[in-house]
Amino acid sequence: MLSIVRHSCQKQQNLLRQVVAVRHNSTGGARPDNNVQNGDTRVELIRRVLFESPAREPTIKLEGKALEEHETIERAWKLHKMRQREQRQQTLERQFRSIHLAMSELEKASDRLFKGAIVKSRHITYPKQAKIPTETPSPQGWDYSYKHSTE
Amino acid sequence: MVFALRSAATIRHVVARNILSQRSFTTTQCATSSHGLMRLKEYYDSTLSEDLMTLTYDHSRAAPSIYKYPDIQVQLDRALAVKEEEEKEQKQQEVNVQEEQEQSKEAVRTRKGGKPVKPIQPPKSASTIPGLDKITLHAMVKDAIHSKHNLLSAFMAFQSITSTRPEVVYARTSVANWKLREGMPIGVKVTLRGEEMYQFMDKLIEIVLPRLKEWPGLQLTAGDGNGNIALGFPASALALFPEIEGSFDVYPKMTGFDVIFNTTAYTNTDGRLLLSGFSIPFKTKN
């Protein structure tokens with residue numbers, strides 16, 4: 001549904017943009033009298049674009065061998081994703097088990113350290129400096145002069 | 001390799017479903033692949049989930065140990081289940097006269113006035129890591145009271161931002177002060193899940209939130225008590241979205257809207273941890 005709706009949305013937007021560009025080609029300053037008219041026509045246009053767009057047939061119709069190939073690829077990809085998911089889940093479970101084991105051992109070993117290892121604050125947040133990785137580096141490059149602000 | 005033949009009906013159904021994920025090689029219409037890249041999801045899967053598991057770990061309410069080998073786990077579970085049944089039978093024989101008081105925890109918990117009860121937090125485990133479940137966008141347009149055509153702008157705006165068809169929200173009750181009648185269309189709403197949700201969140205985090213004027217970040221007390229966090233935007237925020245930025249004049253009326261992050265966290269702390277992990281700024285003391 002995703003790609004078709006996204007594309008139909010783009011088409012609708014393009015349509016709207018073209019019509020409004022023609023209308024506003026000769027505008028100068030603010031014209032309050034025409035605002036109401038423009039608003040009404042814009043609303044009418046939006047209504048038509050949203051609810052009276054002509055229904056279109058799907059452009060691609062796969063048949064026979066091509067369809068089989070496509071479906072095989074889809075299934076293989078889904079299988080690959082499923083295996084990745086399961087691998088991830090197993091990793092997490094292993095990590096959880098080791099955390100649990102470590103905390104149990106710590107509890108037996110030292111009371112002070114165990115209490116220190118428990119998260120007490122209700123307002124902990126993830127560090128701001130840990131940004132989500134991007135495909136390309138920032139235009140400013142690496143900030144060598146950055147200093148972590150200590151509270 | 002042998003592929004199973006399908007009947008005509010299933011082929012048609014499958015073709016209809018798969019057409020939407022086709023890659024077209026014509027110049028007229030280029031359909032994007034639905035197996036898109038989701039930067040935030042990848043980040044969550046590779047980095048954030050492990051960190052969140054460590055940060056939200058609570059030794060006093062950790063789930064009983066899961067064994068490394070699932071076969072042994074299954075056998076143990078079965079053996080324990082059999083043992084439990086035997087114990088239950090013994091108890092029932094002893095306590096036959098008394099009524100069944102062994103109700104589930106959920107049935108016993110009630111609040112005065114029949115108010116809704118909070119869900120019980122399950123014991124911590126690798127499968128109860130806080131994550132994003134869905135994002136809900138919602139806008140209530142007050143001008144829709146005297147003319148329902150005023151909803152169209154918000155409808156179109158939401159459709160452009162999220163690339164999903166919004167749904168219209170109808171009034172639940174009548175409010176005389178605002179001349180609102182029950183069943184009147186009064187708002188627009190979009191529920192985002194999966195790929196759409198991550199794409200929208202990415203836009204929000206990278207483009208919209210940094211450009212908001214005089215917004216210090218979410219409060220450290222944000223949250224609805226069950227790990228979901230909501231955020232309200234003024235009408236000017238709509239113009240910051242890349243889809244609307246270019247064709248600003250097309251929309252006659254910009255509306256403010258709210259975004260609700262529904263998470264799988266059970267406490268506000270966990271919900272806030274999750275959102276801060278996605279680089280949503282919080283208003284800290286310094």
# chains A, B, ... in the order shown; residues from 1 in each chain; ligands from 1
call {"tool": "residues_around", "arguments": {"residues": "A:Arg48", "least_positions_apart": "3", "cutoff": "12 Å", "atoms": "only C-alpha atoms", "output": "PyMOL selection string"}}
result
(chain A and resi 12+15-16+41-45+51-54) or (chain B and resi 149+152+156)
call {"tool": "residues_around", "arguments": {"residues": "B:Val188", "least_positions_apart": "6", "cutoff": "8 Å", "atoms": "only C-alpha atoms", "output": "list in words"}}
result
His138, Ala139, Met140, Val141, Leu151, Ala154, Phe155, Pro166, Glu167, Val168 and Val169 of chain B
call {"tool": "write_last_selection", "arguments": {"atoms": "N, CA, C and O atoms", "output": "PDB file, in the first residue's frame"}}
result
ATOM      1  N   HIS B 138      -2.730  13.387  15.608  1.00  0.00           N
ATOM      2  CA  HIS B 138      -4.121  13.770  15.767  1.00  0.00           C
ATOM      3  C   HIS B 138      -4.249  15.279  15.748  1.00  0.00           C
ATOM      4  O   HIS B 138      -3.442  15.983  16.349  1.00  0.00           O
ATOM      5  N   ALA B 139      -5.255  15.766  15.052  1.00  0.00           N
ATOM      6  CA  ALA B 139      -5.536  17.205  15.036  1.00  0.00           C
ATOM      7  C   ALA B 139      -7.033  17.403  15.174  1.00  0.00           C
ATOM      8  O   ALA B 139      -7.815  16.792  14.452  1.00  0.00           O
ATOM      9  N   MET B 140      -7.402  18.266  16.108  1.00  0.00           N
ATOM     10  CA  MET B 140      -8.804  18.633  16.251  1.00  0.00           C
ATOM     11  C   MET B 140      -8.963  20.016  15.649  1.00  0.00           C
ATOM     12  O   MET B 140      -8.230  20.934  16.025  1.00  0.00           O
ATOM     13  N   VAL B 141      -9.840  20.125  14.689  1.00  0.00           N
ATOM     14  CA  VAL B 141     -10.012  21.385  13.975  1.00  0.00           C
ATOM     15  C   VAL B 141     -11.335  21.991  14.426  1.00  0.00           C
ATOM     16  O   VAL B 141     -12.413  21.501  14.086  1.00  0.00           O
ATOM     17  N   LEU B 151     -11.959  20.673   7.452  1.00  0.00           N
ATOM     18  CA  LEU B 151     -11.109  19.536   7.804  1.00  0.00           C
ATOM     19  C   LEU B 151     -10.169  19.147   6.678  1.00  0.00           C
ATOM     20  O   LEU B 151      -9.149  18.504   6.892  1.00  0.00           O
ATOM     21  N   ALA B 154      -6.337  19.949   6.867  1.00  0.00           N
ATOM     22  CA  ALA B 154      -5.605  19.091   7.814  1.00  0.00           C
ATOM     23  C   ALA B 154      -5.476  17.679   7.265  1.00  0.00           C
ATOM     24  O   ALA B 154      -4.427  17.039   7.408  1.00  0.00           O
ATOM     25  N   PHE B 155      -6.538  17.212   6.609  1.00  0.00           N
ATOM     26  CA  PHE B 155      -6.553  15.876   6.020  1.00  0.00           C
ATOM     27  C   PHE B 155      -5.423  15.759   5.000  1.00  0.00           C
ATOM     28  O   PHE B 155      -4.621  14.820   5.016  1.00  0.00           O
ATOM     29  N   PRO B 166      -5.425   9.398   6.171  1.00  0.00           N
ATOM     30  CA  PRO B 166      -5.902   9.637   7.539  1.00  0.00           C
ATOM     31  C   PRO B 166      -7.355   9.198   7.706  1.00  0.00           C
ATOM     32  O   PRO B 166      -8.060   8.948   6.733  1.00  0.00           O
ATOM     33  N   GLU B 167      -7.774   9.117   8.976  1.00  0.00           N
ATOM     34  CA  GLU B 167      -9.191   8.853   9.223  1.00  0.00           C
ATOM     35  C   GLU B 167      -9.794  10.043   9.942  1.00  0.00           C
ATOM     36  O   GLU B 167      -9.114  10.739  10.695  1.00  0.00           O
ATOM     37  N   VAL B 168     -11.070  10.226   9.717  1.00  0.00           N
ATOM     38  CA  VAL B 168     -11.778  11.357  10.318  1.00  0.00           C
ATOM     39  C   VAL B 168     -12.256  10.950  11.701  1.00  0.00           C
ATOM     40  O   VAL B 168     -12.725   9.837  11.907  1.00  0.00           O
ATOM     41  N   VAL B 169     -12.116  11.867  12.658  1.00  0.00           N
ATOM     42  CA  VAL B 169     -12.551  11.617  14.024  1.00  0.00           C
ATOM     43  C   VAL B 169     -13.899  12.286  14.218  1.00  0.00           C
ATOM     44  O   VAL B 169     -14.052  13.476  13.945  1.00  0.00           O
TER      45      VAL B 169
END
call {"tool": "atom_distance", "arguments": {"atom1": "atom CA of B:Ile186", "atom2": "atom CA of B:Ala144"}}
result
5.6 Å
call {"tool": "residues_around", "arguments": {"residues": "A:Phe114", "least_positions_apart": "4", "cutoff": "12 Å", "atoms": "only C-alpha atoms", "output": "PDB file with N, CA, C and O atoms, in the first residue's frame"}}
result
ATOM      1  N   ALA A 102      25.772 -12.089  36.403  1.00  0.00           N
ATOM      2  CA  ALA A 102      26.748 -11.149  36.962  1.00  0.00           C
ATOM      3  C   ALA A 102      26.186 -10.456  38.194  1.00  0.00           C
ATOM      4  O   ALA A 102      26.875 -10.305  39.217  1.00  0.00           O
ATOM      5  N   MET A 103      24.919 -10.035  38.111  1.00  0.00           N
ATOM      6  CA  MET A 103      24.308  -9.345  39.256  1.00  0.00           C
ATOM      7  C   MET A 103      24.155 -10.285  40.437  1.00  0.00           C
ATOM      8  O   MET A 103      24.341  -9.881  41.605  1.00  0.00           O
ATOM      9  N   SER A 104      23.812 -11.538  40.171  1.00  0.00           N
ATOM     10  CA  SER A 104      23.686 -12.505  41.273  1.00  0.00           C
ATOM     11  C   SER A 104      25.023 -12.695  41.965  1.00  0.00           C
ATOM     12  O   SER A 104      25.106 -12.730  43.202  1.00  0.00           O
ATOM     13  N   GLU A 105      26.090 -12.817  41.154  1.00  0.00           N
ATOM     14  CA  GLU A 105      27.422 -12.997  41.727  1.00  0.00           C
ATOM     15  C   GLU A 105      27.820 -11.771  42.543  1.00  0.00           C
ATOM     16  O   GLU A 105      28.390 -11.885  43.641  1.00  0.00           O
ATOM     17  N   LEU A 106      27.493 -10.592  42.003  1.00  0.00           N
ATOM     18  CA  LEU A 106      27.838  -9.345  42.689  1.00  0.00           C
ATOM     19  C   LEU A 106      27.105  -9.228  44.012  1.00  0.00           C
ATOM     20  O   LEU A 106      27.662  -8.773  45.021  1.00  0.00           O
ATOM     21  N   GLU A 107      25.861  -9.672  43.994  1.00  0.00           N
ATOM     22  CA  GLU A 107      25.064  -9.611  45.229  1.00  0.00           C
ATOM     23  C   GLU A 107      25.737 -10.436  46.343  1.00  0.00           C
ATOM     24  O   GLU A 107      25.766 -10.036  47.509  1.00  0.00           O
ATOM     25  N   LYS A 108      26.271 -11.605  45.922  1.00  0.00           N
ATOM     26  CA  LYS A 108      26.941 -12.449  46.914  1.00  0.00           C
ATOM     27  C   LYS A 108      28.271 -11.851  47.331  1.00  0.00           C
ATOM     28  O   LYS A 108      28.692 -11.962  48.485  1.00  0.00           O
ATOM     29  N   ALA A 109      28.942 -11.209  46.352  1.00  0.00           N
ATOM     30  CA  ALA A 109      30.324 -10.767  46.612  1.00  0.00           C
ATOM     31  C   ALA A 109      30.377  -9.524  47.510  1.00  0.00           C
ATOM     32  O   ALA A 109      31.042  -9.535  48.538  1.00  0.00           O
ATOM     33  N   SER A 110      29.664  -8.432  47.077  1.00  0.00           N
ATOM     34  CA  SER A 110      29.810  -7.180  47.829  1.00  0.00           C
ATOM     35  C   SER A 110      28.483  -6.438  47.861  1.00  0.00           C
ATOM     36  O   SER A 110      27.906  -6.148  46.822  1.00  0.00           O
ATOM     37  N   ILE A 118      22.826  -0.779  41.011  1.00  0.00           N
ATOM     38  CA  ILE A 118      21.388  -0.636  40.736  1.00  0.00           C
ATOM     39  C   ILE A 118      21.110   0.790  40.281  1.00  0.00           C
ATOM     40  O   ILE A 118      21.605   1.746  40.874  1.00  0.00           O
ATOM     41  N   VAL A 119      20.302   0.925  39.232  1.00  0.00           N
ATOM     42  CA  VAL A 119      19.921   2.246  38.721  1.00  0.00           C
ATOM     43  C   VAL A 119      18.838   2.808  39.620  1.00  0.00           C
ATOM     44  O   VAL A 119      17.777   2.213  39.784  1.00  0.00           O
TER      45      VAL A 119
ATOM     46  N   ASP B  58      16.413  -4.596  36.032  1.00  0.00           N
ATOM     47  CA  ASP B  58      16.088  -4.489  37.458  1.00  0.00           C
ATOM     48  C   ASP B  58      16.232  -5.880  38.058  1.00  0.00           C
ATOM     49  O   ASP B  58      15.444  -6.784  37.741  1.00  0.00           O
ATOM     50  N   HIS B  59      17.213  -6.051  38.931  1.00  0.00           N
ATOM     51  CA  HIS B  59      17.515  -7.391  39.425  1.00  0.00           C
ATOM     52  C   HIS B  59      16.409  -7.953  40.305  1.00  0.00           C
ATOM     53  O   HIS B  59      16.217  -9.151  40.386  1.00  0.00           O
ATOM     54  N   SER B  60      15.676  -7.062  40.948  1.00  0.00           N
ATOM     55  CA  SER B  60      14.623  -7.547  41.851  1.00  0.00           C
ATOM     56  C   SER B  60      13.400  -8.051  41.107  1.00  0.00           C
ATOM     57  O   SER B  60      12.565  -8.745  41.653  1.00  0.00           O
TER      58      SER B  60
END
call {"tool": "atom_distance", "arguments": {"atom1": "atom CA of A:Ile60", "atom2": "atom CA of A:Arg75"}}
result
19.4 Å
call {"tool": "select_by_dssp", "arguments": {"residues": "stretch 70-254 of chain B", "states": "alpha helix (DSSP H)", "output": "PyMOL selection string"}}
result
chain B and resi 70-94+105-108+151-162+194-203+209-211+235-238+242-245
call {"tool": "residues_around", "arguments": {"residues": "stretch 120-123 of chain A", "least_positions_apart": "4", "cutoff": "8 Å", "atoms": "only C-alpha atoms", "output": "list in words"}}
result
Leu220, Thr221, Thr269 and Arg272 of chain B
call {"tool": "write_last_selection", "arguments": {"atoms": "all heavy atoms", "output": "mmCIF file, in the first residue's frame"}}
result
data_model
loop_
_atom_site.group_PDB
_atom_site.id
_atom_site.type_symbol
_atom_site.label_atom_id
_atom_site.label_comp_id
_atom_site.auth_asym_id
_atom_site.auth_seq_id
_atom_site.Cartn_x
_atom_site.Cartn_y
_atom_site.Cartn_z
ATOM 1 N N LEU B 220 11.102 16.214 31.894
ATOM 2 C CA LEU B 220 11.567 14.952 32.471
ATOM 3 C C LEU B 220 10.453 14.240 33.226
ATOM 4 O O LEU B 220 10.640 13.136 33.731
ATOM 5 C CB LEU B 220 12.759 15.192 33.400
ATOM 6 C CG LEU B 220 14.092 15.290 32.675
ATOM 7 C CD1 LEU B 220 15.188 15.664 33.636
ATOM 8 C CD2 LEU B 220 14.437 13.971 32.012
ATOM 9 N N THR B 221 9.308 14.898 33.344
ATOM 10 C CA THR B 221 8.152 14.256 33.970
ATOM 11 C C THR B 221 7.138 13.823 32.922
ATOM 12 O O THR B 221 5.998 13.529 33.229
ATOM 13 C CB THR B 221 7.472 15.226 34.943
ATOM 14 O OG1 THR B 221 7.241 16.453 34.241
ATOM 15 C CG2 THR B 221 8.336 15.491 36.145
ATOM 16 N N THR B 269 9.727 6.145 33.038
ATOM 17 C CA THR B 269 11.196 6.153 32.943
ATOM 18 C C THR B 269 11.655 5.407 31.693
ATOM 19 O O THR B 269 12.493 5.897 30.932
ATOM 20 C CB THR B 269 11.813 5.491 34.179
ATOM 21 O OG1 THR B 269 11.198 6.028 35.332
ATOM 22 C CG2 THR B 269 13.302 5.707 34.232
ATOM 23 N N ARG B 272 10.741 7.326 28.542
ATOM 24 C CA ARG B 272 11.635 8.468 28.325
ATOM 25 C C ARG B 272 13.014 8.012 27.877
ATOM 26 O O ARG B 272 13.638 8.644 27.017
ATOM 27 C CB ARG B 272 11.771 9.275 29.624
ATOM 28 C CG ARG B 272 10.721 10.348 29.771
ATOM 29 C CD ARG B 272 10.881 11.077 31.068
ATOM 30 N NE ARG B 272 9.801 10.745 31.977
ATOM 31 C CZ ARG B 272 9.950 10.345 33.231
ATOM 32 N NH1 ARG B 272 11.154 10.204 33.745
ATOM 33 N NH2 ARG B 272 8.901 10.075 33.963
#
call {"tool": "residues_around", "arguments": {"residues": "A:Thr91", "least_positions_apart": "2", "cutoff": "12 Å", "atoms": "only C-alpha atoms", "output": "count of residues only"}}
result
20
call {"tool": "select_by_dssp", "arguments": {"residues": "stretch 183-243 of chain B", "states": "strand (DSSP E or B)", "output": "MDAnalysis selection string"}}
result
chainID B and resid 185:192 218 229:233
call {"tool": "atom_distance", "arguments": {"atom1": "atom CA of A:Thr136", "atom2": "atom CA of B:Leu37"}}
result
15.2 Å
